[in-house]
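Colleague: Before I ask anything, here is the structure I am working with.
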Amino acid sequence: MRTYKIAAIPGDGIGKEVIAAGLEALAVLAESNGEFELSIEHFDWGSDRYISQGAFMSEDGAKRLESFDAILFGAVGAPDVPDHLSLWGLRLAICQTLDQYANVRPARILPGISSPLRDATAQNLDWVIVRENTEGEYAGQGGRSHRGLPEEVATEVSLFTRNGVERIMRFAFKLAQLRPRKLLTVVTKSNAQRHGMVMWDEIAAQIAEDYPDVMWDKMLVDAMTVRMTMQPETIDTVVATNLHADILSDLAAALAGSIGIAPTANINPERTYPSMFEPIHGSAFDITGKGVANPIGTFWSLVMMLEHLGETAAAASLMQAIEQVTAEPSLHTPDLGGSATTSSVTNAVVDAIRSLVAQSQLSGV
């Protein structure tokens, strides 16, 4: 039997609630599937640890994660801790140190969920946004001087390297090549950012020559927001910088119905380090403890994790269970306009997993 070592980092806010739900579903899936088992190690890293110990994770935290097959992450951020400290102290510290340079965020309208776009359907809004995840606008370069004085200066340097741009472009083209439409949109802002983004465009054109079967086009990021809302059917796979894709993927999640359903995979494609999977909704302290957080984004992130681990049958079963549950309006949480709870959605997904696996095993006999 295959055994996978998983690091669970619930983090802050509703991260703790949805990761607990995800681990419950994952355990049932492994037990029902019978072909793999899980070894889960929990880490108490997050804002509570920062407040009590002065650090979000142990000094050797990223190093400790290297021995795992995958990482399941909840959220980081708390009202009483500055956001730039929490983000750089935990999530970015993991992504950058473990070279998880490809952030992958699918967005599509799941059964039973309505888009705020009038004419959007599951057929014309089915996207994957690829985000460069370790440099660009979030490279961490810059600083401040003359603090508090009239001449105070703050700089934030967007860092684009040829290696970094080439590898995310190649990843995006390969992903687009695997999808039925073989269509890629390269998002840029080279009309205003005339150095890094011009290089981004040049490298995109160079990499495109290696993928003649992929149709690709280029779109300024501001125009891309218009295209996403007015012409969703013209989009399939998208690649953008760290900042641009961060923003566009949140818009994509909202257009697909709710940020509560959206998953993320932070991938190290070479598998030199483990990859990390997380819902994109954040810590959401406004609903923390109310039992109404939507666990679908975590379940979908687990689908991506199982696919990454090669457990395609289990991933398919979990995705089918998700779609069965979202198709039932009574199981919609408040972010989807319903009144369901985290536990009721989790229970429904667990029941659906058991039923689907039993049907699969019966048909196999």
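Residues in the structure tokens are numbered from 1 in each chain, the chains being A, B, ... in the order shown, and ligands are numbered from 1 in the order shown.
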Which residues, written as a list in words, have at least one atom at most 9 Å from Ile259 of chain A, with only C-alpha atoms counted and residues fewer than 6 positions away on the same chain left out?

Modeller: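 Once the nearby chain positions are removed, what remains is Asp250, Leu251, Ala252, Ala253, Pro279, Ile280, His281, Gly297 and Asp335 of chain A.
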
Colleague: Write the residues of the preceding selection, restricted to N, CA and C atoms, as a compact mmCIF listing (two decimals), in the first residue's frame.

Modeller:
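Wrote out19.txt, looks like this:
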# COMPACT_ATOMS: atom_id res chain seq x y z
N ASP A 250 -8.47 35.98 -8.01
CA ASP A 250 -9.57 36.31 -7.09
C ASP A 250 -10.80 36.74 -7.88
N LEU A 251 -10.59 37.52 -8.92
CA LEU A 251 -11.71 37.90 -9.78
C LEU A 251 -12.32 36.67 -10.43
N ALA A 252 -11.48 35.76 -10.89
CA ALA A 252 -11.97 34.53 -11.52
C ALA A 252 -12.82 33.72 -10.55
N ALA A 253 -12.36 33.61 -9.29
CA ALA A 253 -13.12 32.87 -8.29
C ALA A 253 -14.49 33.50 -8.05
N PRO A 279 -6.82 26.42 -0.05
CA PRO A 279 -7.91 27.26 -0.57
C PRO A 279 -7.43 28.70 -0.62
N ILE A 280 -8.04 29.51 -1.48
CA ILE A 280 -7.52 30.87 -1.64
C ILE A 280 -8.25 31.91 -0.80
N HIS A 281 -9.22 31.49 0.01
CA HIS A 281 -10.12 32.47 0.63
C HIS A 281 -9.52 33.25 1.79
N GLY A 297 -13.41 24.87 -1.24
CA GLY A 297 -12.10 25.27 -1.75
C GLY A 297 -11.00 24.35 -1.25
N ASP A 335 -21.74 32.07 1.71
CA ASP A 335 -21.06 32.75 0.61
C ASP A 335 -21.69 32.44 -0.73

Colleague: Give me, as a list in words, all polymer residues having an atom no more than 7 Å from Phe160 of chain A, counting only C-alpha atoms and skipping those fewer than 3 positions away in the same chain.

Modeller: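 Using only C-alpha atoms, the neighbours found are Glu135, Gly136, Gly164, Val165 and Gly196 of chain A.
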
Colleague: Mind giving me the straight-line distance from atom CA of Met169 of chain A to atom CA of Ile261 of chain A in Å, one decimal?

Modeller: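 Atom CA of Met169 of chain A sits 26.4 Å away from atom CA of Ile261 of chain A.
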
Colleague: Leaving out segment 351-362 of chain A and any residue of its chain fewer than 6 positions from it, which residues lie within 9 Å of it when counting only C-alpha atoms, given as number ranges by chain?

Modeller: A: 25, 28-29, 32-33, 314, 317-318, 320-322, 324-325

Colleague: Could you pull out all residues of segment 8-133 of chain A with a DSSP call of strand (DSSP E) and give them as a VMD selection string?

Modeller: chain A and resid 8 to 11 36 to 42 70 to 75 102 to 108 126 to 132

Colleague: Might you pull out every residue within 12 Å of Arg271 of chain A, with only C-alpha atoms counted and same-chain residues fewer than 5 positions away left off, and present them as JSON, numbers by chain?

Modeller: {"A": [66, 67, 68, 69, 70, 98, 99, 100, 101, 102, 266, 276, 308, 309]}

Colleague: Just how far from atom CA of Val303 of chain A is atom CA of Ala316 of chain A, in Å to one decimal?

Modeller: 7.4 Å

Colleague: Check the smallest atom-to-atom distance from each of A:Ala348, A:Ile168, A:Leu220, A:Ala313 to Gly34 of chain A using only C-alpha atoms, then report the winner.

Modeller: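 Among the listed residues, the smallest separation from Gly34 of chain A belongs to A:Ala313.
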
Colleague: Between atom CA of Ser275 of chain A and atom CA of Asp83 of chain A, what distance in Å does the model show, to one decimal?

Modeller: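 Answer for the atom CA of Ser275 of chain A to atom CA of Asp83 of chain A separation: 23.3 Å.
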
Colleague: Neighbours of Ser115 of chain A within 8 Å (only C-alpha atoms; same-chain residues fewer than 2 positions away dropped), as a ChimeraX atom specification?

Modeller: /A:109,113,117-118,120-121,254-257

Colleague: Write to file, as a PDB file, in the first residue's frame, the residues of the selection just made, with N, CA and C atoms.

Modeller:
ATOM      1  N   ILE A 109     -17.426  27.070 -13.145  1.00  0.00           N
ATOM      2  CA  ILE A 109     -18.713  27.101 -12.448  1.00  0.00           C
ATOM      3  C   ILE A 109     -19.137  25.674 -12.136  1.00  0.00           C
ATOM      4  N   ILE A 113     -24.131  26.060  -8.813  1.00  0.00           N
ATOM      5  CA  ILE A 113     -23.630  27.381  -8.429  1.00  0.00           C
ATOM      6  C   ILE A 113     -23.830  28.350  -9.582  1.00  0.00           C
ATOM      7  N   LEU A 117     -22.045  36.739 -13.492  1.00  0.00           N
ATOM      8  CA  LEU A 117     -22.104  37.110 -14.908  1.00  0.00           C
ATOM      9  C   LEU A 117     -23.389  36.565 -15.517  1.00  0.00           C
ATOM     10  N   ARG A 118     -24.091  37.408 -16.205  1.00  0.00           N
ATOM     11  CA  ARG A 118     -25.409  37.063 -16.717  1.00  0.00           C
ATOM     12  C   ARG A 118     -25.395  35.818 -17.600  1.00  0.00           C
ATOM     13  N   ALA A 120     -22.747  33.621 -18.104  1.00  0.00           N
ATOM     14  CA  ALA A 120     -21.676  32.664 -17.840  1.00  0.00           C
ATOM     15  C   ALA A 120     -22.237  31.278 -17.558  1.00  0.00           C
ATOM     16  N   THR A 121     -21.583  30.269 -18.107  1.00  0.00           N
ATOM     17  CA  THR A 121     -21.980  28.882 -17.897  1.00  0.00           C
ATOM     18  C   THR A 121     -20.735  28.044 -17.627  1.00  0.00           C
ATOM     19  N   ALA A 254     -14.516  34.822  -7.957  1.00  0.00           N
ATOM     20  CA  ALA A 254     -15.790  35.518  -7.751  1.00  0.00           C
ATOM     21  C   ALA A 254     -16.722  35.314  -8.937  1.00  0.00           C
ATOM     22  N   LEU A 255     -16.173  35.359 -10.151  1.00  0.00           N
ATOM     23  CA  LEU A 255     -16.998  35.174 -11.338  1.00  0.00           C
ATOM     24  C   LEU A 255     -17.506  33.749 -11.447  1.00  0.00           C
ATOM     25  N   ALA A 256     -16.786  32.805 -10.843  1.00  0.00           N
ATOM     26  CA  ALA A 256     -17.232  31.413 -10.834  1.00  0.00           C
ATOM     27  C   ALA A 256     -18.235  31.137  -9.721  1.00  0.00           C
ATOM     28  N   GLY A 257     -18.509  32.133  -8.885  1.00  0.00           N
ATOM     29  CA  GLY A 257     -19.554  31.971  -7.882  1.00  0.00           C
ATOM     30  C   GLY A 257     -19.172  32.374  -6.484  1.00  0.00           C
TER      31      GLY A 257
END

Colleague: Can you work out which one of A:Ala245, A:Phe36, A:Val186, A:Arg64 has the shortest atom-to-atom distance to Tyr138 of chain A, counting only C-alpha atoms?

Modeller: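 Among A:Ala245, A:Phe36, A:Val186, A:Arg64, it is A:Ala245 that comes nearest to Tyr138 of chain A.
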
Colleague: When you look at Arg2 of chain A with a cut-off of 9 Å (counting only C-alpha atoms), what residues show up, excluding the ones that are within fewer than 4 positions of it in the same chain? I need them as a list of chain:residue names.

Modeller: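 The contact residues come out as A:Glu35, A:Phe36, A:Glu37, A:Leu38.
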
Colleague: Kindly save the residues from that selection, with C-alpha atoms included, as a CSV table (one decimal), in the first residue's frame.

Modeller:
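Okay, out.csv is ready:
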chain,number,residue,atom,x,y,z
A,35,GLU,CA,-4.9,1.7,-2.2
A,36,PHE,CA,-3.1,4.3,-0.2
A,37,GLU,CA,-2.8,5.6,3.4
A,38,LEU,CA,-1.8,8.9,4.9

Colleague: Rank nothing, just name the residue among A:Thr3, A:Thr185, A:Ser283, A:Ser344 nearest to Ser39 of chain A, using only C-alpha atoms.

Modeller: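 Nearest candidate to Ser39 of chain A out of A:Thr3, A:Thr185, A:Ser283, A:Ser344: A:Thr3.
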
Colleague: Got a sec: who's within 10 Å of Val18 of chain A, counting only C-alpha atoms, leaving out chain neighbours fewer than 3 positions off, as a PyMOL selection string?

Modeller: chain A and resi 10+13-15+21-24+73-75+278-279+291-299+342-343+346

Colleague: Would you save the residues from that selection as an mmCIF file, in the first residue's frame, using N, CA and C atoms?

Modeller:
data_model
loop_
_atom_site.group_PDB
_atom_site.id
_atom_site.type_symbol
_atom_site.label_atom_id
_atom_site.label_comp_id
_atom_site.auth_asym_id
_atom_site.auth_seq_id
_atom_site.Cartn_x
_atom_site.Cartn_y
_atom_site.Cartn_z
ATOM 1 N N PRO A 10 -2.849 24.307 9.446
ATOM 2 C CA PRO A 10 -4.133 25.015 9.396
ATOM 3 C C PRO A 10 -3.990 26.526 9.423
ATOM 4 N N GLY A 13 -7.589 31.673 11.638
ATOM 5 C CA GLY A 13 -8.993 31.900 11.283
ATOM 6 C C GLY A 13 -9.696 30.646 10.813
ATOM 7 N N ILE A 14 -10.446 30.774 9.718
ATOM 8 C CA ILE A 14 -11.192 29.624 9.215
ATOM 9 C C ILE A 14 -10.281 28.570 8.595
ATOM 10 N N GLY A 15 -8.984 28.899 8.458
ATOM 11 C CA GLY A 15 -8.047 27.883 7.989
ATOM 12 C C GLY A 15 -8.118 26.639 8.854
ATOM 13 N N ALA A 21 -11.903 19.918 8.121
ATOM 14 C CA ALA A 21 -12.887 19.309 7.222
ATOM 15 C C ALA A 21 -12.191 18.541 6.104
ATOM 16 N N GLY A 22 -11.149 19.151 5.537
ATOM 17 C CA GLY A 22 -10.431 18.501 4.450
ATOM 18 C C GLY A 22 -9.765 17.210 4.881
ATOM 19 N N LEU A 23 -9.167 17.207 6.057
ATOM 20 C CA LEU A 23 -8.509 16.000 6.553
ATOM 21 C C LEU A 23 -9.516 14.899 6.849
ATOM 22 N N GLU A 24 -10.706 15.280 7.298
ATOM 23 C CA GLU A 24 -11.760 14.297 7.527
ATOM 24 C C GLU A 24 -12.157 13.616 6.220
ATOM 25 N N PHE A 73 -2.245 23.514 3.395
ATOM 26 C CA PHE A 73 -2.161 24.793 4.106
ATOM 27 C C PHE A 73 -3.549 25.431 4.184
ATOM 28 N N GLY A 74 -3.854 26.047 5.336
ATOM 29 C CA GLY A 74 -5.160 26.675 5.518
ATOM 30 C C GLY A 74 -5.173 28.140 5.137
ATOM 31 N N ALA A 75 -4.685 28.997 6.009
ATOM 32 C CA ALA A 75 -4.666 30.445 5.768
ATOM 33 C C ALA A 75 -3.759 31.078 6.801
ATOM 34 N N GLU A 278 -3.812 24.685 -1.079
ATOM 35 C CA GLU A 278 -4.542 25.545 -0.143
ATOM 36 C C GLU A 278 -5.767 26.165 -0.813
ATOM 37 N N PRO A 279 -6.816 26.421 -0.047
ATOM 38 C CA PRO A 279 -7.906 27.258 -0.565
ATOM 39 C C PRO A 279 -7.431 28.700 -0.617
ATOM 40 N N GLY A 291 -18.869 28.475 12.168
ATOM 41 C CA GLY A 291 -19.212 27.184 11.579
ATOM 42 C C GLY A 291 -19.824 27.261 10.200
ATOM 43 N N VAL A 292 -19.587 28.371 9.499
ATOM 44 C CA VAL A 292 -20.219 28.530 8.185
ATOM 45 C C VAL A 292 -19.185 28.685 7.055
ATOM 46 N N ALA A 293 -17.916 28.468 7.354
ATOM 47 C CA ALA A 293 -16.892 28.573 6.311
ATOM 48 C C ALA A 293 -17.118 27.492 5.256
ATOM 49 N N ASN A 294 -16.926 27.857 4.012
ATOM 50 C CA ASN A 294 -17.133 26.918 2.910
ATOM 51 C C ASN A 294 -15.887 26.029 2.760
ATOM 52 N N PRO A 295 -16.039 24.713 2.933
ATOM 53 C CA PRO A 295 -14.874 23.827 2.819
ATOM 54 C C PRO A 295 -14.589 23.364 1.394
ATOM 55 N N ILE A 296 -15.415 23.787 0.430
ATOM 56 C CA ILE A 296 -15.264 23.297 -0.942
ATOM 57 C C ILE A 296 -13.897 23.667 -1.529
ATOM 58 N N GLY A 297 -13.406 24.875 -1.243
ATOM 59 C CA GLY A 297 -12.097 25.271 -1.746
ATOM 60 C C GLY A 297 -11.000 24.349 -1.245
ATOM 61 N N THR A 298 -11.120 23.891 -0.004
ATOM 62 C CA THR A 298 -10.145 22.944 0.542
ATOM 63 C C THR A 298 -10.288 21.585 -0.113
ATOM 64 N N PHE A 299 -11.524 21.104 -0.280
ATOM 65 C CA PHE A 299 -11.733 19.811 -0.937
ATOM 66 C C PHE A 299 -11.170 19.819 -2.360
ATOM 67 N N THR A 342 -20.362 24.369 7.728
ATOM 68 C CA THR A 342 -19.153 23.651 7.341
ATOM 69 C C THR A 342 -19.323 22.158 7.577
ATOM 70 N N SER A 343 -19.881 21.804 8.713
ATOM 71 C CA SER A 343 -20.037 20.384 9.051
ATOM 72 C C SER A 343 -21.052 19.690 8.154
ATOM 73 N N THR A 346 -19.377 19.100 4.844
ATOM 74 C CA THR A 346 -18.365 18.056 5.007
ATOM 75 C C THR A 346 -19.002 16.685 5.104
#
